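See below for work-v8.tsv, which holds TSV, C-alpha atoms.
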```
chain	number	residue	atom	x	y	z
T	1	MET	CA	68.27	205.04	78.48
T	2	ILE	CA	69.25	207.23	75.58
T	3	ILE	CA	67.38	206.62	72.33
T	4	VAL	CA	68.74	207.82	68.99
T	5	ASN	CA	65.91	209.13	66.82
T	6	LEU	CA	68.13	209.65	63.81
T	7	ASP	CA	65.87	207.74	61.41
T	8	VAL	CA	62.91	210.00	62.31
T	9	ILE	CA	64.88	213.19	61.61
T	10	MET	CA	66.35	211.66	58.46
T	11	ALA	CA	62.84	210.87	57.19
T	12	LYS	CA	61.70	214.42	58.01
T	13	LYS	CA	64.70	215.92	56.21
T	14	LYS	CA	64.37	213.39	53.36
T	15	ILE	CA	68.00	212.33	53.41
T	16	SER	CA	69.32	208.83	52.79
T	17	SER	CA	71.68	206.94	55.09
T	18	SER	CA	74.48	206.86	52.54
T	19	GLU	CA	74.17	210.59	51.84
T	20	LEU	CA	74.18	211.47	55.55
T	21	ALA	CA	77.12	209.15	56.21
T	22	TYR	CA	79.06	210.77	53.37
T	23	LYS	CA	78.28	214.32	54.51
T	24	VAL	CA	79.07	213.60	58.17
T	25	GLY	CA	82.23	211.70	57.28
T	26	ILE	CA	81.44	208.35	58.90
T	27	THR	CA	80.94	204.95	57.35
T	28	PRO	CA	77.39	203.75	56.54
T	29	ALA	CA	78.06	200.83	58.90
T	30	ASN	CA	78.76	203.21	61.79
T	31	LEU	CA	75.68	205.25	60.92
T	32	SER	CA	73.65	202.06	61.00
T	33	ILE	CA	75.05	201.31	64.51
T	34	LEU	CA	73.86	204.75	65.60
T	35	LYS	CA	70.42	204.38	63.99
T	36	THR	CA	69.79	200.97	65.53
T	37	ASN	CA	70.77	202.17	69.03
T	38	LYS	CA	73.66	199.70	69.17
T	39	GLY	CA	76.26	202.41	69.74
T	40	LYS	CA	77.88	202.79	73.16
T	41	ALA	CA	78.78	206.47	72.79
T	42	ILE	CA	78.80	209.33	70.32
T	43	ARG	CA	81.60	211.87	69.93
T	44	PHE	CA	80.70	215.57	70.20
T	45	SER	CA	82.38	216.10	66.84
T	46	THR	CA	80.12	213.50	65.18
T	47	LEU	CA	77.03	214.95	66.88
T	48	ASP	CA	78.09	218.41	65.77
T	49	LYS	CA	78.42	217.31	62.14
T	50	ILE	CA	75.08	215.44	62.19
T	51	CYS	CA	73.33	218.52	63.61
T	52	LYS	CA	75.01	220.71	60.97
T	53	VAL	CA	73.98	218.44	58.08
T	54	LEU	CA	70.43	217.84	59.34
T	55	ASN	CA	70.04	221.41	60.58
T	56	CYS	CA	68.73	220.30	63.95
T	57	LYS	CA	69.58	220.29	67.66
T	58	PRO	CA	71.11	217.37	69.64
T	59	GLY	CA	67.80	217.08	71.51
T	60	ASP	CA	66.05	216.30	68.24
T	61	ILE	CA	68.31	213.31	67.70
T	62	LEU	CA	68.83	212.07	71.25
T	63	GLU	CA	65.98	211.28	73.61
T	64	TYR	CA	66.08	210.15	77.24
T	65	ARG	CA	63.53	207.47	78.01
T	66	GLU	CA	63.02	206.66	81.69
T	67	GLY	CA	62.47	203.16	82.97
T	68	ASP	CA	64.12	201.27	80.15
T	69	GLU	CA	67.12	199.21	81.15
T	70	GLU	CA	70.22	199.45	79.04
T	71	ASN	CA	71.04	196.11	77.40
T	72	ASP	CA	74.78	195.44	77.60
I	1	MET	CA	110.25	193.91	68.22
I	2	LYS	CA	107.04	193.07	66.44
I	3	ILE	CA	104.78	190.81	68.48
I	4	ILE	CA	101.53	190.71	66.52
I	5	GLY	CA	101.27	189.65	62.88
I	6	GLU	CA	102.59	187.05	60.46
I	7	ASP	CA	106.30	187.70	61.19
I	8	GLY	CA	105.77	188.65	64.86
I	9	LEU	CA	107.09	187.00	68.01
I	10	GLY	CA	103.66	185.45	68.65
I	11	ASN	CA	103.85	183.44	65.44
I	12	ILE	CA	107.41	182.25	66.23
I	13	LEU	CA	106.26	181.17	69.71
I	14	LYS	CA	103.26	179.42	68.15
I	15	LYS	CA	105.58	177.33	65.93
I	16	PHE	CA	107.83	176.57	68.93
I	17	LEU	CA	104.80	175.42	70.95
I	18	GLN	CA	103.60	173.25	68.07
I	19	VAL	CA	106.98	171.44	68.18
I	20	CYS	CA	106.70	171.17	72.01
I	21	PHE	CA	103.20	169.74	71.64
I	22	VAL	CA	104.34	166.97	69.29
I	23	LEU	CA	107.45	166.26	71.41
I	24	GLY	CA	105.25	166.11	74.53
I	25	ILE	CA	103.04	163.44	72.98
I	26	VAL	CA	106.09	161.45	71.85
I	27	ILE	CA	107.70	161.67	75.33
I	28	LEU	CA	104.48	160.56	77.05
I	29	ILE	CA	104.24	157.55	74.74
I	30	LEU	CA	107.90	156.60	75.11
I	31	LEU	CA	108.17	157.34	78.87
I	32	PRO	CA	107.65	153.76	80.14
I	33	PHE	CA	110.32	152.47	77.74
I	34	LEU	CA	112.74	155.28	78.62
I	35	LEU	CA	112.28	154.64	82.35
I	36	LYS	CA	112.85	150.93	81.77
I	37	ASP	CA	116.14	151.74	80.03
I	38	PHE	CA	117.21	153.80	83.05
I	39	GLY	CA	116.16	150.99	85.37
I	40	VAL	CA	113.36	152.97	87.02
I	41	SER	CA	110.08	151.19	87.70
I	42	LEU	CA	106.86	152.91	86.70
I	43	ASN	CA	105.39	153.23	90.20
I	44	ALA	CA	102.39	155.27	91.33
I	45	SER	CA	104.53	158.35	91.89
I	46	PHE	CA	105.70	158.29	88.30
I	47	LEU	CA	102.19	157.65	87.03
I	48	ILE	CA	101.27	161.19	88.13
I	49	ILE	CA	103.38	162.33	85.18
I	50	TYR	CA	100.70	161.07	82.80
I	51	PRO	CA	97.70	163.13	83.95
I	52	ASN	CA	100.03	166.08	84.45
I	53	GLY	CA	101.53	165.54	81.01
I	54	ILE	CA	98.03	165.61	79.53
I	55	VAL	CA	97.26	168.81	81.49
I	56	LEU	CA	100.45	170.38	80.11
I	57	LEU	CA	99.58	169.27	76.57
I	58	VAL	CA	96.14	170.86	76.94
I	59	ILE	CA	97.77	174.10	78.15
I	60	VAL	CA	100.22	174.08	75.23
I	61	LYS	CA	97.38	173.38	72.75
I	62	LYS	CA	95.39	176.30	74.15
I	63	PHE	CA	98.42	178.59	73.99
I	64	ILE	CA	98.88	177.63	70.33
I	65	GLU	CA	95.31	178.84	69.73
I	66	LEU	CA	96.09	182.01	71.69
I	67	PHE	CA	99.20	182.77	69.64
I	68	ARG	CA	97.27	182.04	66.44
I	69	SER	CA	95.02	184.98	67.27
I	70	LEU	CA	98.17	187.14	67.63
I	71	LYS	CA	99.15	186.08	64.13
I	72	ASP	CA	95.67	187.06	62.90
I	73	ASN	CA	96.03	190.53	64.51
I	74	ASN	CA	93.07	189.91	66.80
I	75	PRO	CA	94.30	189.44	70.38
I	76	PHE	CA	91.41	191.17	72.15
I	77	CYS	CA	88.48	188.82	71.68
I	78	ASP	CA	86.18	186.79	73.92
I	79	LYS	CA	87.71	183.57	72.64
I	80	ASN	CA	91.11	184.48	74.12
I	81	VAL	CA	89.50	185.31	77.48
I	82	LYS	CA	87.95	181.83	77.50
I	83	ILE	CA	91.30	180.26	76.49
I	84	LEU	CA	93.16	181.99	79.35
I	85	LYS	CA	90.46	180.99	81.86
I	86	PHE	CA	90.55	177.40	80.61
I	87	THR	CA	94.37	177.23	80.83
I	88	GLY	CA	94.20	178.73	84.33
I	89	ASN	CA	91.77	175.99	85.38
I	90	SER	CA	93.99	173.37	83.72
I	91	ALA	CA	97.01	174.66	85.66
I	92	LEU	CA	94.93	174.42	88.86
I	93	VAL	CA	94.16	170.78	88.04
I	94	GLY	CA	97.91	170.28	87.53
I	95	ALA	CA	98.63	171.88	90.92
I	96	ILE	CA	96.08	169.60	92.63
I	97	LEU	CA	97.67	166.56	90.97
I	98	TRP	CA	101.15	167.56	92.20
I	99	LEU	CA	99.72	168.15	95.69
I	100	LEU	CA	98.19	164.67	95.65
I	101	ASP	CA	101.54	163.26	94.58
I	102	LEU	CA	103.26	165.20	97.37
I	103	ILE	CA	100.81	163.84	99.96
I	104	TYR	CA	101.22	160.36	98.48
I	105	ALA	CA	105.01	160.66	98.70
I	106	ILE	CA	105.00	161.87	102.31
I	107	VAL	CA	102.14	159.89	103.85
I	108	LEU	CA	101.99	156.60	101.96
I	109	VAL	CA	105.45	156.00	100.51
I	110	LYS	CA	107.14	157.92	103.37
I	111	ILE	CA	109.87	159.34	101.17
I	112	SER	CA	112.58	160.82	103.34
I	113	ASP	CA	114.54	162.40	100.48
I	114	ILE	CA	114.06	166.11	101.06
I	115	VAL	CA	115.07	166.92	97.45
I	116	ILE	CA	112.13	164.94	96.00
I	117	ILE	CA	109.70	166.45	98.51
I	118	MET	CA	110.99	169.96	97.80
I	119	PHE	CA	110.76	169.31	94.05
I	120	LEU	CA	107.13	168.14	94.32
I	121	ALA	CA	106.27	171.09	96.57
I	122	PHE	CA	107.95	173.43	94.06
I	123	LEU	CA	105.89	171.98	91.20
I	124	PHE	CA	102.68	172.38	93.24
I	125	VAL	CA	103.48	176.03	94.03
I	126	LEU	CA	104.56	176.67	90.43
I	127	PHE	CA	101.33	175.31	88.93
I	128	LEU	CA	99.24	177.10	91.54
I	129	GLY	CA	101.05	180.37	90.78
I	130	VAL	CA	100.63	179.92	87.03
I	131	SER	CA	96.92	179.18	87.55
I	132	ILE	CA	96.39	182.37	89.58
I	133	ALA	CA	98.45	184.42	87.12
I	134	LEU	CA	96.45	183.10	84.15
I	135	TYR	CA	93.17	183.80	85.93
I	136	ILE	CA	94.26	187.41	86.62
I	137	LEU	CA	95.43	187.77	83.00
I	138	SER	CA	92.09	186.46	81.72
I	139	GLU	CA	90.27	189.08	83.82
I	140	LEU	CA	92.59	191.81	82.46
I	141	LEU	CA	92.00	190.62	78.89
I	142	LYS	CA	88.25	190.57	79.56
I	143	GLU	CA	88.41	194.22	80.66
I	144	ALA	CA	90.56	195.14	77.63
I	145	THR	CA	88.12	193.36	75.29
I	146	GLU	CA	85.24	195.32	76.84
I	147	TYR	CA	87.12	198.61	76.33
I	148	LYS	CA	87.89	197.65	72.73
I	149	LYS	CA	84.23	196.87	72.05
I	150	GLU	CA	83.19	200.16	73.64
I	151	ASN	CA	85.73	202.05	71.56
I	152	GLU	CA	84.55	200.34	68.39
I	153	LEU	CA	80.95	201.28	69.21
I	154	THR	CA	81.82	204.94	69.81
I	155	ILE	CA	80.83	206.76	66.65
```

Will you turn the file into structure tokens for me?
Amino acid sequence: MIIVNLDVIMAKKKISSSELAYKVGITPANLSILKTNKGKAIRFSTLDKICKVLNCKPGDILEYREGDEEND
Amino acid sequence: MKIIGEDGLGNILKKFLQVCFVLGIVILILLPFLLKDFGVSLNASFLIIYPNGIVLLVIVKKFIELFRSLKDNNPFCDKNVKILKFTGNSALVGAILWLLDLIYAIVLVKISDIVIIMFLAFLFVLFLGVSIALYILSELLKEATEYKKENELTI
């Protein structure tokens, strides 16, 4: 399954959730969905903005973990 | 025409069904007296009206709940899927009751009036059709609810 490591990158970059949400242009609630791995999908445009704000690559945020079943 | 919302068609239908619900209860209570006035005895064949009347009232009550969600601008929810499935099952119960009445009319009472037999057969087919249609609709609504959830969780 795909794991979102957004909180790790955010801690490294020392940026708060509200600041990132504001800069990316999404609501803090939606950012929380992403951070807690509750999201079903992420738009390329959102990923693009997150990478731009955090100055990182998609691979830094998203991680594929084998063996874990996706909980629907 | 607006369907969802306070002044939508769903809300008008909800009010209409609320009136039908109350009238249905009144008719079921007054039925024996009305039949007496028309000189018809309340035999076993007529008694099938009662369980079927209750089934219909349950269906109407559930549809009122369904149309309430249209008024609240929230038609795609798990609750509505359950309501449609429940009404589909209720309609199936209604169909079985009409089938029993049809068998009763043909085998036990030996009714030779083709109009009554055709009418009972029509009601059986109608309820069975409604049951299948509601089941299919509930599955469609389930799929739509899943898509809505997925869309909401796409950031």

Give me, as JSON lines, each residue of chain I that comes within 9 Å of chain T, together with its shortest interatomic pair and the distance in Å at one decimal, counting all atoms listed in the file, with rows ordered by chain and rising residue number.
```
{"residue": "I:Lys149", "atom": "CA", "partner": "T:Lys40", "partner_atom": "CA", "distance": 8.8}
{"residue": "I:Glu150", "atom": "CA", "partner": "T:Lys40", "partner_atom": "CA", "distance": 5.9}
{"residue": "I:Asn151", "atom": "CA", "partner": "T:Lys40", "partner_atom": "CA", "distance": 8.0}
{"residue": "I:Glu152", "atom": "CA", "partner": "T:Lys40", "partner_atom": "CA", "distance": 8.6}
{"residue": "I:Leu153", "atom": "CA", "partner": "T:Gly39", "partner_atom": "CA", "distance": 4.9}
{"residue": "I:Thr154", "atom": "CA", "partner": "T:Ala41", "partner_atom": "CA", "distance": 4.5}
{"residue": "I:Ile155", "atom": "CA", "partner": "T:Ile42", "partner_atom": "CA", "distance": 4.9}
```

Pick out the closest residue to Lys14 in chain T from this set: T:Leu54, T:Ile2, T:Arg65, T:Pro28. Count only C-alpha atoms.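 Smallest separation from Lys14 in chain T among the options: T:Leu54.
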
At a cut-off of 8 Å, using only C-alpha atoms, what residues contact Val81 in chain I? Leave out same-chain residues fewer than 2 positions from it and give the result as an MDAnalysis selection string. chainID I and resid 77:79 83:85 138:139 141:142

Give as a PyMOL selection string each residue that has an atom at most 12 Å from (100.9, 176.1, 88.7) in the file, counting only C-alpha atoms. chain I and resi 52+55-56+59+87-99+120-135

Min atom-atom distance to Lys52 in chain T from the set T:Ala29, T:Lys35, T:Val24, T:Asn5, counting only C-alpha atoms, belongs to T:Val24

Residues near Lys14 in chain I, anyone? I mean within 7 Å using all atoms listed in the file, not counting same-chain ones fewer than 5 positions away, as a PDB file with C-alpha atoms, keeping the file's coordinate frame.
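Result went into selection-v5.pdb, see below:
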```pdb
ATOM      1  CA  ILE I  64      98.880 177.630  70.330  1.00  0.00           C
ATOM      2  CA  PHE I  67      99.200 182.770  69.640  1.00  0.00           C
ATOM      3  CA  ARG I  68      97.270 182.040  66.440  1.00  0.00           C
TER       4      ARG I  68
END
```

Report, in Å with one decimal, the straight-line distance from CA of Asn73 in chain I to CA of Gly8 in chain I.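 Interatomic distance, CA of Asn73 in chain I to CA of Gly8 in chain I: 9.9 Å.
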
Excluding same-chain residues fewer than 4 positions from Phe76 in chain I, what lies within 8 Å of it counting all atoms listed in the file, as an NGL selection string? :I and (80 or 141 or 144-145 or 148)

What is the CA of Lys2 in chain I to CA of Lys62 in chain I distance in Å?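 So the answer is 21.8 Å.
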
Residues near Tyr50 in chain I, anyone? I mean within 10 Å using only C-alpha atoms, not counting same-chain ones fewer than 3 positions away, as a PyMOL selection string. chain I and resi 28-29+31+46-47+53-56

Excluding Asp60 in chain T and its own-chain neighbours fewer than 3 positions away, which residues fall within 8 Å of it when counting all atoms listed in the file? Please give them as a PyMOL selection string. chain T and resi 5+9+56-57+63

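Take CA of Met118 in chain I and CA of Leu102 in chain I: the distance between them is 9.1 Å.
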
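Restricting the calculation to all atoms listed in the file, the smallest distance between Ile50 in chain T and any of T:Ala11, T:Met1, T:Gly25, T:Ser18 is found for T:Gly25.
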